[in-house]
Amino acid sequence: MGINSLFFPIKRFICVYFLCNSFVSIGSSPNDGDSSEVTWTGSWQQGGLLLGQLDRGYRAFYKGFPLQETKTGQILLGLGRDADGMVNVDFLDSSGKKTTRSWEVEKREYKVQYIEGVRQDRVIPPESVSSRIGEEAQQVRNARALRSSSEAFLRGFDLPLVGPITGVYGSSRIYNGLPRSPHYGIDYAAPLGSDVKAPGSGVVTLVHDDMYFSGGTLIIDHGMGLSSTFLHLSSILVHVGDSVKLGQVIAAVGATGRATGPHLDWRMNWRDERIDPQLVLLALPAKKIGLP
Ligand SMILES: [Zn+2]
């Protein structure tokens, strides 16, 4: 969250929620065409998530590994921020015959966001914290590396809180004038202590009170490589191993770690790919009726 964005939270909010077709389009790709092996729902944009329904008897492979399937033959595929060119998926039919299909990734333009007033030691960390930073990054990687067969993501996703959006997926970030890694989450400004609700059902895989960059940090596994991470929390109300339901209050908004004010930063991963939570909300909207 930055000074520049503080002045225009309402404008950004409107942009994201009411004019979203202008920069988040679903299904408009000329190549979203289904093949005889699979039917896709979702976005081929960079940062997109796709839910595929396999035709009976097919198995899918991506980058050489088999894609996990639900009991009814659904698969997930996530595209990174800088995914480029064609996505190739191999399909094997029940006789073992292989077919490769390709879909083109749609490029996006990412904004540059300038953020001032960040504690300088969170922009240029002192040598004394380098091992701490490394250990914390490893804990996050371990949590995201879990490959549960849960189908919790099929219940869909909803907002973790309602608030002005002050940061979006993909933007390049300049902290105190220094370029740093891009932003991979959505930032929602909200008063300190505001409820954070689980945007989707799943199991808690990481709880940390105070990571160097991300402060109070929580990770939820939604199944089949899909996870949510919540940053800068002031308190966390769940424990590792807890099952959480969509809409359940799981934490409180804070300003811990590298934050300039209270906000929630919500990120999503599919396996090692960082994907855009806003595209997940569109691809897998919460099912209001018939929740299992
Ligand atoms: Zn953020």
# chains A, B, ... in the order shown; residues from 1 in each chain; ligands from 1
>>> closest_atom_pairs(of="segment 222-291 of chain A", to="segment 52-68 of chain A", cutoff="12 Å", atoms="only C-alpha atoms", output="tab-separated table")
residue	atom	partner	partner_atom	distance
A:Gly223	CA	A:Gln68	CA	9.7
A:Met224	CA	A:Gln68	CA	6.2
A:Gly225	CA	A:Gln68	CA	8.7
A:Leu226	CA	A:Gln68	CA	11.2
A:Trp270	CA	A:Leu67	CA	11.6
A:Arg271	CA	A:Leu67	CA	10.9
A:Ala283	CA	A:Gly52	CA	10.8
A:Leu284	CA	A:Gly52	CA	11.5
>>> write_last_selection(atoms="N, CA, C and O atoms", output="CSV table (one decimal), in the first residue's frame")
chain,number,residue,atom,x,y,z
A,223,GLY,N,-6.5,-27.2,-1.8
A,223,GLY,CA,-6.5,-28.5,-2.5
A,223,GLY,C,-5.8,-28.4,-3.9
A,223,GLY,O,-5.8,-27.4,-4.5
A,224,MET,N,-5.2,-29.5,-4.3
A,224,MET,CA,-4.7,-29.7,-5.6
A,224,MET,C,-3.7,-28.5,-6.0
A,224,MET,O,-3.7,-28.1,-7.1
A,225,GLY,N,-2.9,-28.1,-5.0
A,225,GLY,CA,-1.9,-27.1,-5.3
A,225,GLY,C,-2.3,-25.7,-5.2
A,225,GLY,O,-1.5,-24.8,-5.3
A,226,LEU,N,-3.6,-25.5,-4.9
A,226,LEU,CA,-4.1,-24.1,-4.8
A,226,LEU,C,-4.0,-23.6,-3.3
A,226,LEU,O,-4.6,-24.3,-2.5
A,270,TRP,N,-0.9,-21.4,-7.4
A,270,TRP,CA,-1.1,-22.7,-7.8
A,270,TRP,C,0.2,-23.4,-8.0
A,270,TRP,O,1.0,-22.9,-8.8
A,271,ARG,N,0.5,-24.4,-7.2
A,271,ARG,CA,1.9,-24.9,-7.1
A,271,ARG,C,2.8,-23.8,-6.9
A,271,ARG,O,2.6,-22.9,-6.0
A,283,ALA,N,-13.0,-16.9,-11.9
A,283,ALA,CA,-13.0,-18.3,-12.5
A,283,ALA,C,-13.8,-19.3,-11.6
A,283,ALA,O,-14.5,-20.2,-12.1
A,284,LEU,N,-13.7,-19.1,-10.3
A,284,LEU,CA,-14.4,-20.0,-9.3
A,284,LEU,C,-15.2,-19.2,-8.3
A,284,LEU,O,-14.8,-19.2,-7.1
>>> residues_near_ligand(ligand="ligand 1", cutoff="8 Å", atoms="only C-alpha atoms and all ligand atoms", output="MDAnalysis selection string")
chainID A and resid 1 167:168 183:187 231 259 263:266
>>> write_last_selection(atoms="C-alpha atoms", output="mmCIF file, in the first residue's frame")
data_model
loop_
_atom_site.group_PDB
_atom_site.id
_atom_site.type_symbol
_atom_site.label_atom_id
_atom_site.label_comp_id
_atom_site.auth_asym_id
_atom_site.auth_seq_id
_atom_site.Cartn_x
_atom_site.Cartn_y
_atom_site.Cartn_z
ATOM 1 C CA MET A 1 0.000 0.000 0.000
ATOM 2 C CA GLY A 167 -2.634 -2.632 -4.624
ATOM 3 C CA VAL A 168 -3.163 -5.139 -7.392
ATOM 4 C CA HIS A 183 3.506 -7.279 -5.938
ATOM 5 C CA TYR A 184 1.646 -10.580 -6.167
ATOM 6 C CA GLY A 185 -1.385 -9.952 -3.988
ATOM 7 C CA ILE A 186 -4.439 -7.745 -3.761
ATOM 8 C CA ASP A 187 -4.174 -5.133 -1.020
ATOM 9 C CA LEU A 231 0.096 -10.985 5.060
ATOM 10 C CA ALA A 259 3.585 -2.338 5.602
ATOM 11 C CA HIS A 263 -4.213 -3.493 5.163
ATOM 12 C CA LEU A 264 -4.744 -7.077 4.093
ATOM 13 C CA ASP A 265 -2.536 -8.502 1.376
ATOM 14 C CA TRP A 266 -4.146 -11.659 -0.087
#
>>> residues_around(residues="segment 81-85 of chain A", least_positions_apart="2", cutoff="10 Å", atoms="only C-alpha atoms", output="short mmCIF file (atom, residue, chain, number, x, y, z; two decimals) with all heavy atoms, in the first residue's frame")
data_model
loop_
_atom_site.label_atom_id
_atom_site.label_comp_id
_atom_site.auth_asym_id
_atom_site.auth_seq_id
_atom_site.Cartn_x
_atom_site.Cartn_y
_atom_site.Cartn_z
N TRP A 44 -7.07 -17.21 -19.62
CA TRP A 44 -5.74 -17.51 -20.16
C TRP A 44 -4.81 -16.32 -20.01
O TRP A 44 -3.73 -16.30 -20.58
CB TRP A 44 -5.85 -17.94 -21.63
CG TRP A 44 -6.47 -19.28 -21.75
CD1 TRP A 44 -7.76 -19.56 -22.06
CD2 TRP A 44 -5.83 -20.55 -21.53
NE1 TRP A 44 -7.97 -20.92 -22.04
CE2 TRP A 44 -6.79 -21.55 -21.72
CE3 TRP A 44 -4.53 -20.93 -21.17
CZ2 TRP A 44 -6.51 -22.91 -21.57
CZ3 TRP A 44 -4.24 -22.28 -21.03
CH2 TRP A 44 -5.22 -23.25 -21.23
N GLN A 45 -5.23 -15.30 -19.27
CA GLN A 45 -4.34 -14.17 -19.03
C GLN A 45 -3.21 -14.56 -18.10
O GLN A 45 -3.37 -15.46 -17.27
CB GLN A 45 -5.09 -13.02 -18.34
CG GLN A 45 -6.08 -12.32 -19.23
CD GLN A 45 -6.73 -11.20 -18.47
OE1 GLN A 45 -6.08 -10.21 -18.16
NE2 GLN A 45 -7.99 -11.34 -18.15
N GLN A 46 -2.11 -13.83 -18.18
CA GLN A 46 -1.04 -13.99 -17.20
C GLN A 46 -1.65 -13.85 -15.81
O GLN A 46 -2.46 -12.95 -15.56
CB GLN A 46 0.03 -12.91 -17.40
CG GLN A 46 0.79 -13.10 -18.71
CD GLN A 46 1.73 -11.95 -19.01
OE1 GLN A 46 1.43 -10.80 -18.68
NE2 GLN A 46 2.85 -12.25 -19.64
N GLY A 47 -1.29 -14.76 -14.91
CA GLY A 47 -1.86 -14.74 -13.56
C GLY A 47 -3.19 -15.45 -13.45
O GLY A 47 -3.78 -15.50 -12.37
N GLY A 48 -3.66 -16.03 -14.54
CA GLY A 48 -4.99 -16.65 -14.55
C GLY A 48 -5.01 -18.05 -13.96
O GLY A 48 -3.98 -18.71 -13.82
N GLY A 78 -2.59 -23.13 -13.41
CA GLY A 78 -2.36 -21.72 -13.08
C GLY A 78 -1.25 -21.14 -13.96
O GLY A 78 -0.30 -21.84 -14.31
N LEU A 79 -1.39 -19.86 -14.30
CA LEU A 79 -0.41 -19.18 -15.15
C LEU A 79 0.28 -18.09 -14.35
O LEU A 79 -0.37 -17.29 -13.70
CB LEU A 79 -1.12 -18.56 -16.37
CG LEU A 79 -1.99 -19.51 -17.18
CD1 LEU A 79 -2.72 -18.74 -18.27
CD2 LEU A 79 -1.16 -20.63 -17.79
N VAL A 87 0.80 -22.40 -23.86
CA VAL A 87 0.71 -23.39 -22.79
C VAL A 87 0.41 -24.73 -23.45
O VAL A 87 -0.59 -24.86 -24.15
CB VAL A 87 -0.42 -23.03 -21.82
CG1 VAL A 87 -0.63 -24.15 -20.80
CG2 VAL A 87 -0.13 -21.71 -21.13
N ASN A 88 1.27 -25.69 -23.26
CA ASN A 88 1.07 -27.01 -23.85
C ASN A 88 0.61 -27.99 -22.79
O ASN A 88 1.23 -28.09 -21.74
CB ASN A 88 2.37 -27.53 -24.47
CG ASN A 88 2.88 -26.61 -25.56
OD1 ASN A 88 2.13 -26.18 -26.42
ND2 ASN A 88 4.16 -26.28 -25.49
N SER A 102 -2.45 -26.86 -27.38
CA SER A 102 -1.79 -25.62 -26.98
C SER A 102 -2.78 -24.48 -26.89
O SER A 102 -3.70 -24.39 -27.71
CB SER A 102 -0.72 -25.25 -28.02
OG SER A 102 0.21 -26.28 -28.14
N TRP A 103 -2.58 -23.64 -25.91
CA TRP A 103 -3.38 -22.43 -25.74
C TRP A 103 -2.44 -21.26 -25.55
O TRP A 103 -1.38 -21.41 -24.92
CB TRP A 103 -4.31 -22.57 -24.52
CG TRP A 103 -5.42 -23.54 -24.76
CD1 TRP A 103 -6.65 -23.27 -25.26
CD2 TRP A 103 -5.40 -24.96 -24.49
NE1 TRP A 103 -7.41 -24.42 -25.33
CE2 TRP A 103 -6.67 -25.47 -24.87
CE3 TRP A 103 -4.46 -25.85 -23.98
CZ2 TRP A 103 -7.00 -26.82 -24.74
CZ3 TRP A 103 -4.78 -27.19 -23.86
CH2 TRP A 103 -6.04 -27.66 -24.23
N GLU A 104 -2.83 -20.12 -26.06
CA GLU A 104 -1.94 -18.96 -26.00
C GLU A 104 -2.20 -18.13 -24.75
O GLU A 104 -3.36 -17.85 -24.41
CB GLU A 104 -2.16 -18.09 -27.25
CG GLU A 104 -1.11 -17.02 -27.39
CD GLU A 104 -1.25 -16.23 -28.68
OE1 GLU A 104 -2.17 -16.54 -29.48
OE2 GLU A 104 -0.46 -15.30 -28.88
N VAL A 105 -1.13 -17.72 -24.08
CA VAL A 105 -1.25 -16.86 -22.90
C VAL A 105 -1.50 -15.43 -23.35
O VAL A 105 -0.83 -14.94 -24.26
CB VAL A 105 0.04 -16.90 -22.04
CG1 VAL A 105 -0.08 -15.97 -20.85
CG2 VAL A 105 0.34 -18.32 -21.60
N GLU A 106 -2.48 -14.77 -22.73
CA GLU A 106 -2.73 -13.36 -23.03
C GLU A 106 -1.87 -12.50 -22.13
O GLU A 106 -1.92 -12.63 -20.90
CB GLU A 106 -4.20 -13.01 -22.73
CG GLU A 106 -5.18 -13.59 -23.70
CD GLU A 106 -6.59 -13.26 -23.23
OE1 GLU A 106 -6.91 -12.08 -22.99
OE2 GLU A 106 -7.36 -14.22 -23.05
N LYS A 107 -1.14 -11.58 -22.74
CA LYS A 107 -0.26 -10.70 -21.95
C LYS A 107 -1.06 -9.60 -21.29
O LYS A 107 -2.08 -9.15 -21.80
CB LYS A 107 0.79 -10.08 -22.87
CG LYS A 107 1.84 -11.06 -23.29
CD LYS A 107 3.13 -10.33 -23.61
CE LYS A 107 4.24 -11.36 -23.70
NZ LYS A 107 5.56 -10.78 -23.68
N ARG A 108 -0.57 -9.15 -20.14
CA ARG A 108 -1.17 -8.02 -19.43
C ARG A 108 -0.14 -6.93 -19.28
O ARG A 108 1.05 -7.18 -19.36
CB ARG A 108 -1.61 -8.46 -18.03
CG ARG A 108 -2.72 -9.46 -18.05
CD ARG A 108 -2.90 -10.07 -16.69
NE ARG A 108 -3.40 -9.11 -15.70
CZ ARG A 108 -3.78 -9.47 -14.47
NH1 ARG A 108 -3.69 -10.72 -14.09
NH2 ARG A 108 -4.24 -8.57 -13.63
N TYR A 110 1.35 -4.38 -16.59
CA TYR A 110 1.39 -4.17 -15.14
C TYR A 110 1.81 -2.73 -14.84
O TYR A 110 2.65 -2.17 -15.52
CB TYR A 110 2.37 -5.15 -14.51
CG TYR A 110 1.98 -6.59 -14.72
CD1 TYR A 110 2.75 -7.44 -15.52
CD2 TYR A 110 0.82 -7.10 -14.15
CE1 TYR A 110 2.39 -8.76 -15.72
CE2 TYR A 110 0.45 -8.43 -14.35
CZ TYR A 110 1.24 -9.26 -15.13
OH TYR A 110 0.88 -10.56 -15.32
N TYR A 169 -2.41 -7.21 -8.30
CA TYR A 169 -1.47 -8.25 -8.71
C TYR A 169 -0.56 -7.74 -9.82
O TYR A 169 -1.02 -7.10 -10.77
CB TYR A 169 -2.28 -9.45 -9.20
CG TYR A 169 -1.48 -10.57 -9.82
CD1 TYR A 169 -1.00 -11.62 -9.04
CD2 TYR A 169 -1.23 -10.58 -11.18
CE1 TYR A 169 -0.28 -12.66 -9.61
CE2 TYR A 169 -0.51 -11.63 -11.76
CZ TYR A 169 -0.04 -12.66 -10.97
OH TYR A 169 0.66 -13.68 -11.54
N GLY A 170 0.69 -8.08 -9.71
CA GLY A 170 1.60 -7.92 -10.84
C GLY A 170 2.37 -6.62 -10.90
O GLY A 170 3.37 -6.54 -11.61
N SER A 171 1.92 -5.57 -10.18
CA SER A 171 2.57 -4.28 -10.35
C SER A 171 4.03 -4.32 -9.89
O SER A 171 4.37 -5.00 -8.93
CB SER A 171 1.80 -3.18 -9.62
OG SER A 171 1.35 -3.63 -8.38
N PRO A 182 8.02 -7.68 -7.72
CA PRO A 182 6.66 -7.22 -8.00
C PRO A 182 5.69 -7.60 -6.89
O PRO A 182 5.98 -8.47 -6.07
CB PRO A 182 6.29 -7.95 -9.28
CG PRO A 182 7.52 -8.57 -9.80
CD PRO A 182 8.49 -8.67 -8.68
N HIS A 183 4.54 -6.97 -6.92
CA HIS A 183 3.51 -7.28 -5.94
C HIS A 183 2.65 -8.41 -6.49
O HIS A 183 2.21 -8.34 -7.63
CB HIS A 183 2.64 -6.04 -5.72
CG HIS A 183 1.73 -6.16 -4.56
ND1 HIS A 183 0.37 -6.23 -4.69
CD2 HIS A 183 1.98 -6.24 -3.25
CE1 HIS A 183 -0.17 -6.33 -3.50
NE2 HIS A 183 0.78 -6.34 -2.60
N TYR A 184 2.39 -9.43 -5.67
CA TYR A 184 1.65 -10.58 -6.17
C TYR A 184 0.27 -10.72 -5.53
O TYR A 184 -0.43 -11.68 -5.80
CB TYR A 184 2.45 -11.86 -5.93
CG TYR A 184 3.67 -11.95 -6.81
CD1 TYR A 184 4.94 -11.69 -6.32
CD2 TYR A 184 3.53 -12.29 -8.16
CE1 TYR A 184 6.06 -11.79 -7.15
CE2 TYR A 184 4.64 -12.38 -8.99
CZ TYR A 184 5.90 -12.13 -8.47
OH TYR A 184 6.99 -12.21 -9.28
N GLU A 273 3.38 -21.35 -9.02
CA GLU A 273 2.99 -20.17 -9.77
C GLU A 273 2.19 -19.23 -8.89
O GLU A 273 1.22 -19.65 -8.25
CB GLU A 273 2.13 -20.55 -10.99
CG GLU A 273 2.78 -21.50 -11.97
CD GLU A 273 3.91 -20.85 -12.77
OE1 GLU A 273 4.19 -19.65 -12.57
OE2 GLU A 273 4.52 -21.57 -13.57
N ARG A 274 2.57 -17.97 -8.90
CA ARG A 274 1.79 -16.97 -8.18
C ARG A 274 0.71 -16.48 -9.14
O ARG A 274 1.02 -16.02 -10.23
CB ARG A 274 2.69 -15.80 -7.77
CG ARG A 274 3.81 -16.21 -6.83
CD ARG A 274 4.89 -15.15 -6.89
NE ARG A 274 6.02 -15.42 -6.03
CZ ARG A 274 6.06 -15.12 -4.73
NH1 ARG A 274 5.02 -14.56 -4.14
NH2 ARG A 274 7.14 -15.36 -4.02
N ILE A 275 -0.53 -16.63 -8.72
CA ILE A 275 -1.64 -16.29 -9.61
C ILE A 275 -2.44 -15.12 -9.02
O ILE A 275 -2.23 -14.73 -7.87
CB ILE A 275 -2.54 -17.51 -9.89
CG1 ILE A 275 -3.09 -18.11 -8.59
CG2 ILE A 275 -1.74 -18.57 -10.67
CD1 ILE A 275 -4.09 -19.23 -8.81
N ASP A 276 -3.34 -14.58 -9.82
CA ASP A 276 -4.06 -13.36 -9.44
C ASP A 276 -5.37 -13.72 -8.74
O ASP A 276 -6.28 -14.28 -9.37
CB ASP A 276 -4.34 -12.54 -10.72
CG ASP A 276 -4.99 -11.20 -10.42
OD1 ASP A 276 -5.46 -10.99 -9.28
OD2 ASP A 276 -5.04 -10.37 -11.35
#
>>> closest_atom_pairs(of="segment 51-99 of chain A", to="segment 151-156 of chain A", cutoff="10 Å", atoms="only C-alpha atoms", output="tab-separated table")
residue	atom	partner	partner_atom	distance
A:Leu51	CA	A:Leu154	CA	9.4
A:Glu69	CA	A:Glu151	CA	9.1
A:Thr70	CA	A:Glu151	CA	6.5
A:Lys71	CA	A:Glu151	CA	8.7
A:Gln74	CA	A:Leu154	CA	9.5
A:Leu76	CA	A:Phe153	CA	10.0
>>> closest_atom_pairs(of="segment 170-213 of chain A", to="segment 129-147 of chain A", cutoff="10 Å", atoms="only C-alpha atoms", output="CSV")
residue,atom,partner,partner_atom,distance
A:Val204,CA,A:Ala143,CA,9.2
A:Thr205,CA,A:Ala143,CA,5.6
A:Leu206,CA,A:Ala143,CA,6.1
A:Val207,CA,A:Val140,CA,9.7
A:His208,CA,A:Glu136,CA,9.0
A:Asp210,CA,A:Glu136,CA,9.7
A:Met211,CA,A:Glu136,CA,6.6
A:Tyr212,CA,A:Ile133,CA,6.4
A:Phe213,CA,A:Ile133,CA,8.0
>>> residues_around(residues="Val162 of chain A", least_positions_apart="3", cutoff="9 Å", atoms="only C-alpha atoms", output="number ranges by chain")
A: 159, 165, 188-190
>>> closest_residue(among="A:Leu192, A:Ile250, A:Ile115, A:Val203", to="His232 of chain A", atoms="only C-alpha atoms")
A:Leu192
